[in-house]
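Below: one structure, written as structure tokens.
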Amino acid sequence: VDVSKPLLITLTTDFGYRSPFSSIMKGVIHEINPNARIYDLTHGIAPHNITECAFVLLTSYSFFPEGTIHVSVVDPGVGGRRKAVAIETERYLFVGPDNGIFSWALEKEKIASEVEITNPAYMRTPVSQTFHGRDIFAPAAAHLSRGVAVTDLGSEVESLVSIPFPHPTREHNTVIGEIIYIDTFGNLVTNIRPGENEVVKGVTIKNLTVMKLSNTYRDVAAGEITAYVGSFGFLEVGKNLGNAAESLCAEVGDSIFVVI
Amino acid sequence: VDVSKPLLITLTTDFGYRSPFSSIMKGVIHEINPNARIYDLTHGIAPHNITECAFVLLTSYSFFPEGTIHVSVVDPGVGGRRKAVAIETERYLFVGPDNGIFSWALEKEKIASEVEITNPAYMRTPVSQTFHGRDIFAPAAAHLSRGVAVTDLGSEVESLVSIPFPHPTREHNTVIGEIIYIDTFGNLVTNIRPGENEVVKGVTIKNLTVMKLSNTYRDVAAGEITAYVGSFGFLEVGKNLGNAAESLCAEVGDSIFVVI
Amino acid sequence: VDVSKPLLITLTTDFGYRSPFSSIMKGVIHEINPNARIYDLTHGIAPHNITECAFVLLTSYSFFPEGTIHVSVVDPGVGGRRKAVAIETERYLFVGPDNGIFSWALEKEKIASEVEITNPAYMRTPVSQTFHGRDIFAPAAAHLSRGVAVTDLGSEVESLVSIPFPHPTREHNTVIGEIIYIDTFGNLVTNIRPGENEVVKGVTIKNLTVMKLSNTYRDVAAGEITAYVGSFGFLEVGKNLGNAAESLCAEVGDSIFVVI
């Protein structure tokens with residue numbers, strides 16, 4: 001990563017929009033680097049939901065310019081033994097707790113350095129027990145955006161906590177996957193990436209079976225539910241002009257069966 | 001529009017704040033124009049609600065400096081036949097689906113060009129079937145902010161989809177209007193713009209009749225409901241220190257009768 | 001405050017994220033100062049809740065760089081007799097209605113000037129009766145960010161409306177406080193700042209008694225409730241990996257008893 005030019009910093013948290021936690025992080029970053037340019041990726045991750053955070057980062061991080069610093073604070077283990085880490089890949093920087101939130105994005109990246117943030121010179125002191133976003137992660141990102149090297153923040157770690165991506169399984173001609181994310185519109189995003197040459201003969205979710213893939217939910221009548229490959233590249237189930245999650249009472253983790 | 005200087009880009013969508021869709025658009029814009037300055041107008045439009053989007057744009061767009069690029073993606077027809085369009089007026093640029101969301105703002109503007117976005121050089125490819133905000137509208141806006149001419153994005157169209165503003169009707173001494181928007185505070189914004197010389201003798205909404213206009217909801221006692229001309233120039237019904245929509249069980253589309 | 005260099009402007013309101021009110025303020029600011037850099041502190045203050053706003057400002061304002069202009073519009077008295085004010089302290093500027101929202105932050109600041117904003121040269125005219133954020137406060141902040149002196153906005157006032165911070169009381173060995181804020185995670189923030197040398201022997205809130213302070217909610221088992229000094233420096237009651245407010249049916253204003 002070339003840190004000689006001004007870099008973007010994104011924030012992804014479960015802090016919500018009512019409390020000032022994410023804004024405080026922005027103030028801390030600006031105090032250290034007045035030229036920082038900060039964007040909210042989202043602060044609407046469900047509280048403590050590490051896999052939702054991992055998925056949102058996976059689907060978003062690479063749309064930002066190379067060199068962007070992605071700070072993410074979904075941190076149920078704050079104040080405990082989990083490490084604070086900074087990771088440099090060939091294209092991006094990631095800063096946050098070492099609890100797996102970066103796992104799925106990092107699977108697509110070539111890692112250059114993985115460091116535990118321990119250098120107090122780059123922290124706000126005293127460090128609180130409950131708000132490392134303010135005291136460790138925001139300062140670390142701000143210093144990185146000024147050109148501090150990742151390796152100045154602390155020592156390399158041997159490995160990071162990794163949560164496995166829940167890959168679908170296959171039994172004969174059936175791929176068995178699950179709902180991995182439900183978007184704002186109630187579209188059900190699954191963990192299945194249909195192969196180029198596979199013809200889908202049926203998709204079953206909850207009590208509904210869809211006989212073939214559409215190009216988009218628009219291909220069916222208003223109010224009808226269909227399956228299609230969504231904008232993230234995953235198989236999705238959605239309702240044209242409606243909310244599939246509500247209609248099907250579907251939740252993250254529910255199974256989906258795809259006959260090919 | 002003079003596009004030689006750095007321009008603001010605003011985003012208005014129904015993407016909500018939980019999913020990363022609007023943030024992905026920002027990443028895409030920055031990748032193309034690192035100097036872009038992006039503001040969220042709102043991402044809280046009700047899903048697929050074209051008229052709410054039209055109203056929010058009408059009441060907001062002209063407070064931004066001339067040259068601002070207003071990108072709006074409330075797009076129930078994504079992936080279908082609706083056009084992707086860019087519109088240049090004497091003062092602003094608008095980018096989004098051709099479904100009427102810009103109608104009410106454009107009634108106040110002098111149009112210079114209306115173009116269907118078809119030039120793949122200014123899109124992310126392949127273009128997904130479900131997320132034109134990322135693949136068409138964000139790139140178009142980013143290129144416009146770098147000085148690309150609207151007419152480079154595609155060919156002029158003869159006309160845009162237009163949704164009529166729901167003007168009030170009049171029967172004898174009664175103006176019959178409707179609630180066109182309910183704001184965060186539960187104030188009921190109507191489609192009626194009282195004339196300078198008209199004396200309002202009574203406002204009836206749901207089962208409530210207010211005998212005269214106030215200057216503001218502050219002019220009545222706490223908890224009382226009154227009518228006044230709001231900050232958008234439309235007649236509003238609001239409750240001092242309370243929520244009129246909840247108190248009256250009022251919804252967008254409900255009728256209002258004004259005796260003058 | 002040195003206003004010769006570009007300054008940040010923060011916005012804190014009860015406007016929510018659905019209506020375009022806060023975005024309109026940003027447009028107005030940019031029209032006056034194209035170089036303004038604006039951050040949302042939060043727009044999620046409960047409608048008309050002056051003390052919540054005062055608390056959020058207290059806990060946030062000082063994390064922004066010196067010279068930041070904090071604009072806050074929680075303004076139940078808009079259009080009434082309350083003054084519009086701008087306050088300069090040794091470190092910051094504050095702009096908003098004179099209703100006490102700045103009281104708790106100002107207790108920590110050294111005040112240089114307190115001015116009633118009356119100069120129409122720095123307002124949008126005509127000034128609406130219901131949206132001073134757009135017509136008075138945003139323009140005032142924008143002009144301040146361009147170097148206009150606070151004292152150019154109007155005349156000094158003798159005193160501001162002040163709401164007292166609800167300090168805890170003490171009876172023998174018991175400190176009696178209250179919940180002053182509930183954060184996104186349901187942690188209960190109280191008005192008690194435990195002294196350095198005080199050993200807490202018990203914390204009682206609702207029907208629950210906690211026998212000693214933890215360093216953080218992480219120090220207890222998942223699902224257990226504990227008390228600790230939070231990141232704002234106040235005593236908090238929180239649930240490890242859960243929501244204490246929901247578990248205890250706790251609300252702002254509820255009493256807390258601390259035996260020392």
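Convention: chains lettered A, B, ... in structure tokens order; per-chain residue numbering from 1; ligands numbered from 1 as shown.
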So which residues touch A:Tyr181 within 10 Å, counting only C-alpha atoms, skipping near sequence neighbours fewer than 2 positions away, as number ranges by chain? A: 51-52, 55-56, 178-179, 183-184, 186-191, 236, 251-253; B: 19
Both chains have the same sequence, so superpose chain B on chain A over all Cα atoms paired in order and return it as an mmCIF file with C-alpha atoms, in the first residue's frame.
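What landed in out.cif:
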data_model
loop_
_atom_site.group_PDB
_atom_site.id
_atom_site.type_symbol
_atom_site.label_atom_id
_atom_site.label_comp_id
_atom_site.auth_asym_id
_atom_site.auth_seq_id
_atom_site.Cartn_x
_atom_site.Cartn_y
_atom_site.Cartn_z
ATOM 1 C CA VAL B 1 -0.009 -0.018 0.007
ATOM 2 C CA ASP B 2 1.272 3.376 -0.991
ATOM 3 C CA VAL B 3 0.502 5.612 1.970
ATOM 4 C CA SER B 4 2.197 8.693 0.576
ATOM 5 C CA LYS B 5 -1.080 10.141 -0.724
ATOM 6 C CA PRO B 6 -4.232 11.018 1.207
ATOM 7 C CA LEU B 7 -6.185 7.893 2.028
ATOM 8 C CA LEU B 8 -9.791 7.176 2.740
ATOM 9 C CA ILE B 9 -10.781 5.681 6.058
ATOM 10 C CA THR B 10 -14.013 3.693 6.282
ATOM 11 C CA LEU B 11 -15.814 2.839 9.514
ATOM 12 C CA THR B 12 -17.932 -0.298 10.001
ATOM 13 C CA THR B 13 -19.452 -0.805 13.440
ATOM 14 C CA ASP B 14 -22.423 -2.014 15.441
ATOM 15 C CA PHE B 15 -22.634 1.358 17.218
ATOM 16 C CA GLY B 16 -25.900 2.402 15.576
ATOM 17 C CA TYR B 17 -26.756 5.983 14.667
ATOM 18 C CA ARG B 18 -28.243 7.211 17.935
ATOM 19 C CA SER B 19 -25.210 7.166 20.224
ATOM 20 C CA PRO B 20 -22.205 9.340 19.379
ATOM 21 C CA PHE B 21 -19.593 6.549 19.412
ATOM 22 C CA SER B 22 -18.805 6.551 15.693
ATOM 23 C CA SER B 23 -18.673 10.355 15.644
ATOM 24 C CA ILE B 24 -16.224 10.394 18.525
ATOM 25 C CA MET B 25 -13.970 8.117 16.453
ATOM 26 C CA LYS B 26 -14.106 10.676 13.641
ATOM 27 C CA GLY B 27 -13.126 13.464 16.020
ATOM 28 C CA VAL B 28 -10.170 11.445 17.274
ATOM 29 C CA ILE B 29 -9.037 10.692 13.719
ATOM 30 C CA HIS B 30 -9.220 14.358 12.724
ATOM 31 C CA GLU B 31 -7.303 15.458 15.768
ATOM 32 C CA ILE B 32 -4.410 13.274 14.551
ATOM 33 C CA ASN B 33 -4.848 13.766 10.810
ATOM 34 C CA PRO B 34 -6.783 16.899 9.826
ATOM 35 C CA ASN B 35 -6.733 15.749 6.203
ATOM 36 C CA ALA B 36 -8.338 12.379 6.817
ATOM 37 C CA ARG B 37 -11.378 11.595 4.713
ATOM 38 C CA ILE B 38 -13.758 9.346 6.551
ATOM 39 C CA TYR B 39 -16.766 7.423 5.259
ATOM 40 C CA ASP B 40 -19.262 5.396 7.195
ATOM 41 C CA LEU B 41 -19.523 1.973 5.640
ATOM 42 C CA THR B 42 -22.324 1.181 8.043
ATOM 43 C CA HIS B 43 -22.937 1.489 11.765
ATOM 44 C CA GLY B 44 -25.962 -0.758 11.505
ATOM 45 C CA ILE B 45 -24.374 -4.173 12.049
ATOM 46 C CA ALA B 46 -26.500 -6.082 14.585
ATOM 47 C CA PRO B 47 -24.877 -5.734 18.034
ATOM 48 C CA HIS B 48 -21.924 -8.121 18.461
ATOM 49 C CA ASN B 49 -22.686 -9.884 15.149
ATOM 50 C CA ILE B 50 -19.258 -10.868 13.873
ATOM 51 C CA THR B 51 -20.425 -12.842 10.845
ATOM 52 C CA GLU B 52 -22.727 -10.056 9.639
ATOM 53 C CA CYS B 53 -19.768 -7.712 9.866
ATOM 54 C CA ALA B 54 -17.548 -10.196 8.012
ATOM 55 C CA PHE B 55 -20.123 -10.439 5.228
ATOM 56 C CA VAL B 56 -20.659 -6.694 4.904
ATOM 57 C CA LEU B 57 -16.903 -6.138 4.698
ATOM 58 C CA LEU B 58 -16.533 -8.952 2.146
ATOM 59 C CA THR B 59 -19.125 -7.396 -0.143
ATOM 60 C CA SER B 60 -17.922 -3.808 0.215
ATOM 61 C CA TYR B 61 -14.233 -3.368 0.918
ATOM 62 C CA SER B 62 -12.926 -3.855 -2.606
ATOM 63 C CA PHE B 63 -15.121 -1.139 -4.128
ATOM 64 C CA PHE B 64 -13.023 1.482 -2.364
ATOM 65 C CA PRO B 65 -9.796 2.725 -3.933
ATOM 66 C CA GLU B 66 -6.610 0.837 -3.182
ATOM 67 C CA GLY B 67 -4.966 2.142 -0.051
ATOM 68 C CA THR B 68 -8.256 2.656 1.789
ATOM 69 C CA ILE B 69 -8.016 1.935 5.509
ATOM 70 C CA HIS B 70 -10.970 -0.143 6.653
ATOM 71 C CA VAL B 71 -11.579 0.272 10.373
ATOM 72 C CA SER B 72 -14.135 -2.102 11.792
ATOM 73 C CA VAL B 73 -15.320 -2.277 15.364
ATOM 74 C CA VAL B 74 -17.749 -5.069 16.108
ATOM 75 C CA ASP B 75 -16.072 -6.022 19.288
ATOM 76 C CA PRO B 76 -17.899 -8.168 21.832
ATOM 77 C CA GLY B 77 -14.541 -9.060 23.385
ATOM 78 C CA VAL B 78 -13.402 -5.491 24.096
ATOM 79 C CA GLY B 79 -11.482 -5.300 27.342
ATOM 80 C CA GLY B 80 -10.822 -9.045 27.287
ATOM 81 C CA ARG B 81 -7.923 -10.964 25.787
ATOM 82 C CA ARG B 82 -8.635 -10.559 22.107
ATOM 83 C CA LYS B 83 -5.848 -8.716 20.294
ATOM 84 C CA ALA B 84 -6.146 -5.348 18.589
ATOM 85 C CA VAL B 85 -4.738 -5.788 15.090
ATOM 86 C CA ALA B 86 -3.721 -3.961 11.952
ATOM 87 C CA ILE B 87 -3.382 -5.885 8.711
ATOM 88 C CA GLU B 88 -1.743 -4.706 5.530
ATOM 89 C CA THR B 89 -2.490 -6.469 2.278
ATOM 90 C CA GLU B 90 -1.215 -5.698 -1.199
ATOM 91 C CA ARG B 91 -4.165 -3.369 -1.665
ATOM 92 C CA TYR B 92 -5.713 -2.327 1.639
ATOM 93 C CA LEU B 93 -5.273 -1.797 5.349
ATOM 94 C CA PHE B 94 -7.610 -3.238 7.972
ATOM 95 C CA VAL B 95 -7.761 -2.138 11.605
ATOM 96 C CA GLY B 96 -9.888 -3.647 14.367
ATOM 97 C CA PRO B 97 -10.302 -6.429 16.907
ATOM 98 C CA ASP B 98 -8.876 -9.870 16.128
ATOM 99 C CA ASN B 99 -12.126 -11.792 16.237
ATOM 100 C CA GLY B 100 -12.675 -12.903 12.660
ATOM 101 C CA ILE B 101 -14.508 -9.892 11.224
ATOM 102 C CA PHE B 102 -11.859 -9.502 8.512
ATOM 103 C CA SER B 103 -11.604 -13.240 7.702
ATOM 104 C CA TRP B 104 -13.761 -13.325 4.595
ATOM 105 C CA ALA B 105 -12.283 -10.198 3.044
ATOM 106 C CA LEU B 106 -8.754 -11.381 3.769
ATOM 107 C CA GLU B 107 -9.411 -14.668 1.921
ATOM 108 C CA LYS B 108 -9.406 -12.544 -1.233
ATOM 109 C CA GLU B 109 -6.305 -10.521 -0.345
ATOM 110 C CA LYS B 110 -2.552 -11.167 -0.375
ATOM 111 C CA ILE B 111 -1.389 -10.384 3.152
ATOM 112 C CA ALA B 112 1.787 -8.338 3.682
ATOM 113 C CA SER B 113 1.791 -7.820 7.473
ATOM 114 C CA GLU B 114 -0.362 -8.761 10.426
ATOM 115 C CA VAL B 115 0.471 -6.794 13.537
ATOM 116 C CA GLU B 116 -0.840 -6.678 17.083
ATOM 117 C CA ILE B 117 -1.311 -3.030 18.030
ATOM 118 C CA THR B 118 0.665 -2.601 21.242
ATOM 119 C CA ASN B 119 2.646 0.615 20.789
ATOM 120 C CA PRO B 120 1.185 3.146 23.253
ATOM 121 C CA ALA B 121 2.647 5.991 21.205
ATOM 122 C CA TYR B 122 -0.194 5.417 18.758
ATOM 123 C CA MET B 123 -3.017 5.102 21.296
ATOM 124 C CA ARG B 124 -5.066 7.535 23.341
ATOM 125 C CA THR B 125 -4.089 7.010 26.950
ATOM 126 C CA PRO B 126 -5.346 5.902 29.330
ATOM 127 C CA VAL B 127 -7.003 3.245 27.185
ATOM 128 C CA SER B 128 -10.549 2.587 28.376
ATOM 129 C CA GLN B 129 -11.771 -0.964 28.978
ATOM 130 C CA THR B 130 -14.880 -0.540 26.867
ATOM 131 C CA PHE B 131 -14.178 1.761 23.909
ATOM 132 C CA HIS B 132 -11.134 0.677 21.940
ATOM 133 C CA GLY B 133 -12.699 2.206 18.830
ATOM 134 C CA ARG B 134 -11.904 5.604 20.327
ATOM 135 C CA ASP B 135 -8.682 4.775 22.157
ATOM 136 C CA ILE B 136 -6.901 2.238 19.921
ATOM 137 C CA PHE B 137 -8.491 1.714 16.500
ATOM 138 C CA ALA B 138 -9.250 5.313 15.498
ATOM 139 C CA PRO B 139 -5.788 6.551 16.518
ATOM 140 C CA ALA B 140 -4.097 3.617 14.748
ATOM 141 C CA ALA B 141 -5.984 4.315 11.532
ATOM 142 C CA ALA B 142 -5.259 8.033 11.747
ATOM 143 C CA HIS B 143 -1.541 7.424 12.188
ATOM 144 C CA LEU B 144 -1.524 4.926 9.303
ATOM 145 C CA SER B 145 -3.208 7.551 7.132
ATOM 146 C CA ARG B 146 -0.310 9.894 7.910
ATOM 147 C CA GLY B 147 2.239 7.369 6.728
ATOM 148 C CA VAL B 148 3.106 5.482 9.913
ATOM 149 C CA ALA B 149 4.051 1.925 8.933
ATOM 150 C CA VAL B 150 1.862 -0.941 10.097
ATOM 151 C CA THR B 151 4.940 -2.527 11.665
ATOM 152 C CA ASP B 152 5.433 0.555 13.857
ATOM 153 C CA LEU B 153 2.142 -0.177 15.623
ATOM 154 C CA GLY B 154 3.427 -3.388 17.211
ATOM 155 C CA SER B 155 4.875 -6.803 16.486
ATOM 156 C CA GLU B 156 3.898 -9.245 13.802
ATOM 157 C CA VAL B 157 1.528 -11.989 14.941
ATOM 158 C CA GLU B 158 1.766 -15.570 13.727
ATOM 159 C CA SER B 159 -1.878 -15.912 12.887
ATOM 160 C CA LEU B 160 -5.214 -14.176 13.229
ATOM 161 C CA VAL B 161 -8.452 -15.500 14.563
ATOM 162 C CA SER B 162 -10.259 -16.807 11.528
ATOM 163 C CA ILE B 163 -13.901 -17.716 11.144
ATOM 164 C CA PRO B 164 -14.589 -20.096 8.289
ATOM 165 C CA PHE B 165 -16.839 -18.985 5.468
ATOM 166 C CA PRO B 166 -19.861 -21.308 5.628
ATOM 167 C CA HIS B 167 -19.407 -22.953 2.240
ATOM 168 C CA PRO B 168 -22.399 -24.901 0.935
ATOM 169 C CA THR B 169 -22.263 -28.689 0.877
ATOM 170 C CA ARG B 170 -23.368 -31.026 -1.900
ATOM 171 C CA GLU B 171 -25.319 -34.259 -1.830
ATOM 172 C CA HIS B 172 -25.752 -35.857 -5.244
ATOM 173 C CA ASN B 173 -27.448 -33.237 -7.376
ATOM 174 C CA THR B 174 -28.425 -30.946 -4.490
ATOM 175 C CA VAL B 175 -26.411 -28.048 -3.157
ATOM 176 C CA ILE B 176 -27.298 -27.285 0.464
ATOM 177 C CA GLY B 177 -26.606 -23.751 1.529
ATOM 178 C CA GLU B 178 -27.931 -21.188 3.931
ATOM 179 C CA ILE B 179 -29.078 -17.597 4.163
ATOM 180 C CA ILE B 180 -25.986 -15.599 5.033
ATOM 181 C CA TYR B 181 -27.426 -12.062 4.948
ATOM 182 C CA ILE B 182 -30.771 -10.338 4.588
ATOM 183 C CA ASP B 183 -30.558 -6.932 2.979
ATOM 184 C CA THR B 184 -32.600 -3.787 3.587
ATOM 185 C CA PHE B 185 -35.221 -4.871 1.076
ATOM 186 C CA GLY B 186 -35.680 -8.313 2.608
ATOM 187 C CA ASN B 187 -33.779 -10.075 -0.166
ATOM 188 C CA LEU B 188 -32.247 -13.321 1.085
ATOM 189 C CA VAL B 189 -28.576 -13.562 0.185
ATOM 190 C CA THR B 190 -27.230 -17.122 0.326
ATOM 191 C CA ASN B 191 -23.728 -18.565 0.501
ATOM 192 C CA ILE B 192 -24.115 -20.264 -2.904
ATOM 193 C CA ARG B 193 -22.258 -19.038 -5.979
ATOM 194 C CA PRO B 194 -23.801 -20.915 -8.896
ATOM 195 C CA GLY B 195 -21.209 -22.226 -11.349
ATOM 196 C CA GLU B 196 -21.128 -20.870 -14.872
ATOM 197 C CA ASN B 197 -22.185 -24.144 -16.444
ATOM 198 C CA GLU B 198 -24.659 -25.327 -13.869
ATOM 199 C CA VAL B 199 -28.315 -25.295 -14.799
ATOM 200 C CA VAL B 200 -30.447 -24.734 -11.735
ATOM 201 C CA LYS B 201 -33.525 -26.974 -11.803
ATOM 202 C CA GLY B 202 -35.077 -25.848 -8.544
ATOM 203 C CA VAL B 203 -34.490 -23.733 -5.476
ATOM 204 C CA THR B 204 -36.250 -24.643 -2.221
ATOM 205 C CA ILE B 205 -36.316 -22.341 0.782
ATOM 206 C CA LYS B 206 -38.715 -22.647 3.703
ATOM 207 C CA ASN B 207 -41.868 -24.080 2.057
ATOM 208 C CA LEU B 208 -41.305 -22.446 -1.295
ATOM 209 C CA THR B 209 -39.814 -23.994 -4.419
ATOM 210 C CA VAL B 210 -38.790 -21.871 -7.377
ATOM 211 C CA MET B 211 -38.282 -23.881 -10.565
ATOM 212 C CA LYS B 212 -35.625 -21.806 -12.315
ATOM 213 C CA LEU B 213 -33.392 -18.804 -11.851
ATOM 214 C CA SER B 214 -34.440 -15.405 -13.108
ATOM 215 C CA ASN B 215 -32.025 -12.723 -14.152
ATOM 216 C CA THR B 216 -33.549 -10.471 -11.498
ATOM 217 C CA TYR B 217 -36.625 -10.188 -9.283
ATOM 218 C CA ARG B 218 -38.046 -7.939 -11.992
ATOM 219 C CA ASP B 219 -38.531 -10.996 -14.219
ATOM 220 C CA VAL B 220 -41.511 -12.188 -12.200
ATOM 221 C CA ALA B 221 -44.850 -10.543 -11.499
ATOM 222 C CA ALA B 222 -45.201 -8.013 -8.702
ATOM 223 C CA GLY B 223 -45.474 -9.809 -5.377
ATOM 224 C CA GLU B 224 -43.935 -13.025 -6.696
ATOM 225 C CA ILE B 225 -40.808 -14.561 -5.205
ATOM 226 C CA THR B 226 -37.929 -15.720 -7.359
ATOM 227 C CA ALA B 227 -34.256 -16.687 -7.238
ATOM 228 C CA TYR B 228 -31.431 -14.994 -9.128
ATOM 229 C CA VAL B 229 -27.739 -14.242 -8.836
ATOM 230 C CA GLY B 230 -27.501 -10.960 -6.934
ATOM 231 C CA SER B 231 -25.108 -8.059 -7.201
ATOM 232 C CA PHE B 232 -22.646 -9.664 -4.759
ATOM 233 C CA GLY B 233 -22.356 -12.777 -6.963
ATOM 234 C CA PHE B 234 -24.330 -14.977 -4.582
ATOM 235 C CA LEU B 235 -27.637 -16.702 -5.212
ATOM 236 C CA GLU B 236 -30.448 -14.599 -3.765
ATOM 237 C CA VAL B 237 -34.139 -15.097 -3.195
ATOM 238 C CA GLY B 238 -36.198 -11.937 -3.525
ATOM 239 C CA LYS B 239 -39.738 -10.732 -4.014
ATOM 240 C CA ASN B 240 -40.546 -8.314 -6.816
ATOM 241 C CA LEU B 241 -41.745 -5.075 -5.172
ATOM 242 C CA GLY B 242 -41.904 -6.801 -1.814
ATOM 243 C CA ASN B 243 -40.002 -8.229 1.127
ATOM 244 C CA ALA B 244 -39.100 -11.915 0.779
ATOM 245 C CA ALA B 245 -37.779 -12.221 4.326
ATOM 246 C CA GLU B 246 -41.112 -11.113 5.765
ATOM 247 C CA SER B 247 -43.174 -13.200 3.376
ATOM 248 C CA LEU B 248 -41.214 -16.365 4.105
ATOM 249 C CA CYS B 249 -40.433 -15.615 7.768
ATOM 250 C CA ALA B 250 -36.863 -16.286 6.742
ATOM 251 C CA GLU B 251 -33.850 -15.669 8.951
ATOM 252 C CA VAL B 252 -30.107 -15.764 8.594
ATOM 253 C CA GLY B 253 -29.021 -19.400 8.967
ATOM 254 C CA ASP B 254 -32.117 -20.897 7.299
ATOM 255 C CA SER B 255 -31.273 -23.648 4.811
ATOM 256 C CA ILE B 256 -31.666 -23.447 1.068
ATOM 257 C CA PHE B 257 -31.621 -26.402 -1.302
ATOM 258 C CA VAL B 258 -30.611 -25.984 -4.923
ATOM 259 C CA VAL B 259 -31.123 -28.853 -7.373
ATOM 260 C CA ILE B 260 -28.758 -28.723 -10.320
#
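Of the residues in stretch 42-190 of chain B, those given alpha helix (DSSP H) by DSSP on the backbone are Ile50, Thr51, Glu52, Cys53, Ala54, Phe55, Val56, Leu57, Leu58, Thr59, Ser60, Ser103, Trp104, Ala105, Leu106, His132, Ala138, Pro139, Ala140, Ala141, Ala142, His143, Leu144 and Ser145 of chain B.
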Identify, with DSSP run on backbone atoms, the residues in stretch 9-250 of chain A assigned to strand (DSSP E or B), and express the list as a CSV table (one decimal) with C-alpha atoms, in the first residue's frame.
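Once written, selection04.csv looks like this:
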chain,number,residue,atom,x,y,z
A,9,ILE,CA,-10.8,5.7,6.1
A,10,THR,CA,-14.0,3.7,6.3
A,11,LEU,CA,-15.8,2.8,9.5
A,12,THR,CA,-17.9,-0.3,10.0
A,13,THR,CA,-19.5,-0.8,13.4
A,37,ARG,CA,-11.4,11.6,4.7
A,38,ILE,CA,-13.7,9.3,6.5
A,39,TYR,CA,-16.8,7.4,5.3
A,40,ASP,CA,-19.3,5.4,7.2
A,41,LEU,CA,-19.5,2.0,5.7
A,42,THR,CA,-22.3,1.2,8.0
A,69,ILE,CA,-8.0,1.9,5.5
A,70,HIS,CA,-11.0,-0.1,6.7
A,71,VAL,CA,-11.6,0.3,10.4
A,72,SER,CA,-14.1,-2.1,11.8
A,73,VAL,CA,-15.3,-2.3,15.4
A,84,ALA,CA,-6.2,-5.4,18.6
A,85,VAL,CA,-4.7,-5.8,15.1
A,86,ALA,CA,-3.7,-4.0,12.0
A,87,ILE,CA,-3.4,-5.9,8.7
A,88,GLU,CA,-1.7,-4.7,5.5
A,89,THR,CA,-2.5,-6.5,2.3
A,93,LEU,CA,-5.3,-1.8,5.3
A,94,PHE,CA,-7.6,-3.3,8.0
A,95,VAL,CA,-7.8,-2.2,11.6
A,96,GLY,CA,-9.9,-3.7,14.4
A,97,PRO,CA,-10.3,-6.4,16.9
A,111,ILE,CA,-1.4,-10.4,3.1
A,112,ALA,CA,1.8,-8.4,3.7
A,113,SER,CA,1.8,-7.8,7.5
A,114,GLU,CA,-0.4,-8.8,10.4
A,115,VAL,CA,0.5,-6.8,13.5
A,116,GLU,CA,-0.8,-6.7,17.1
A,156,GLU,CA,3.9,-9.3,13.8
A,169,THR,CA,-22.2,-28.7,0.9
A,170,ARG,CA,-23.3,-31.0,-1.9
A,171,GLU,CA,-25.3,-34.2,-1.9
A,174,THR,CA,-28.4,-30.9,-4.5
A,175,VAL,CA,-26.4,-28.0,-3.2
A,176,ILE,CA,-27.3,-27.3,0.5
A,177,GLY,CA,-26.6,-23.7,1.5
A,178,GLU,CA,-27.9,-21.2,3.9
A,179,ILE,CA,-29.1,-17.6,4.2
A,180,ILE,CA,-26.0,-15.6,5.0
A,181,TYR,CA,-27.4,-12.1,5.0
A,182,ILE,CA,-30.8,-10.3,4.6
A,188,LEU,CA,-32.2,-13.3,1.1
A,189,VAL,CA,-28.6,-13.6,0.2
A,190,THR,CA,-27.2,-17.1,0.3
A,202,GLY,CA,-35.0,-25.9,-8.5
A,203,VAL,CA,-34.5,-23.7,-5.5
A,204,THR,CA,-36.2,-24.6,-2.2
A,205,ILE,CA,-36.3,-22.3,0.8
A,208,LEU,CA,-41.3,-22.4,-1.3
A,209,THR,CA,-39.8,-24.0,-4.4
A,210,VAL,CA,-38.8,-21.9,-7.4
A,213,LEU,CA,-33.4,-18.8,-11.8
A,225,ILE,CA,-40.8,-14.6,-5.2
A,226,THR,CA,-37.9,-15.7,-7.3
A,227,ALA,CA,-34.2,-16.7,-7.2
A,228,TYR,CA,-31.4,-15.0,-9.1
A,229,VAL,CA,-27.7,-14.2,-8.8
A,235,LEU,CA,-27.6,-16.7,-5.2
A,236,GLU,CA,-30.4,-14.6,-3.8
A,237,VAL,CA,-34.1,-15.1,-3.2
A,238,GLY,CA,-36.2,-11.9,-3.5
A,239,LYS,CA,-39.7,-10.7,-4.0
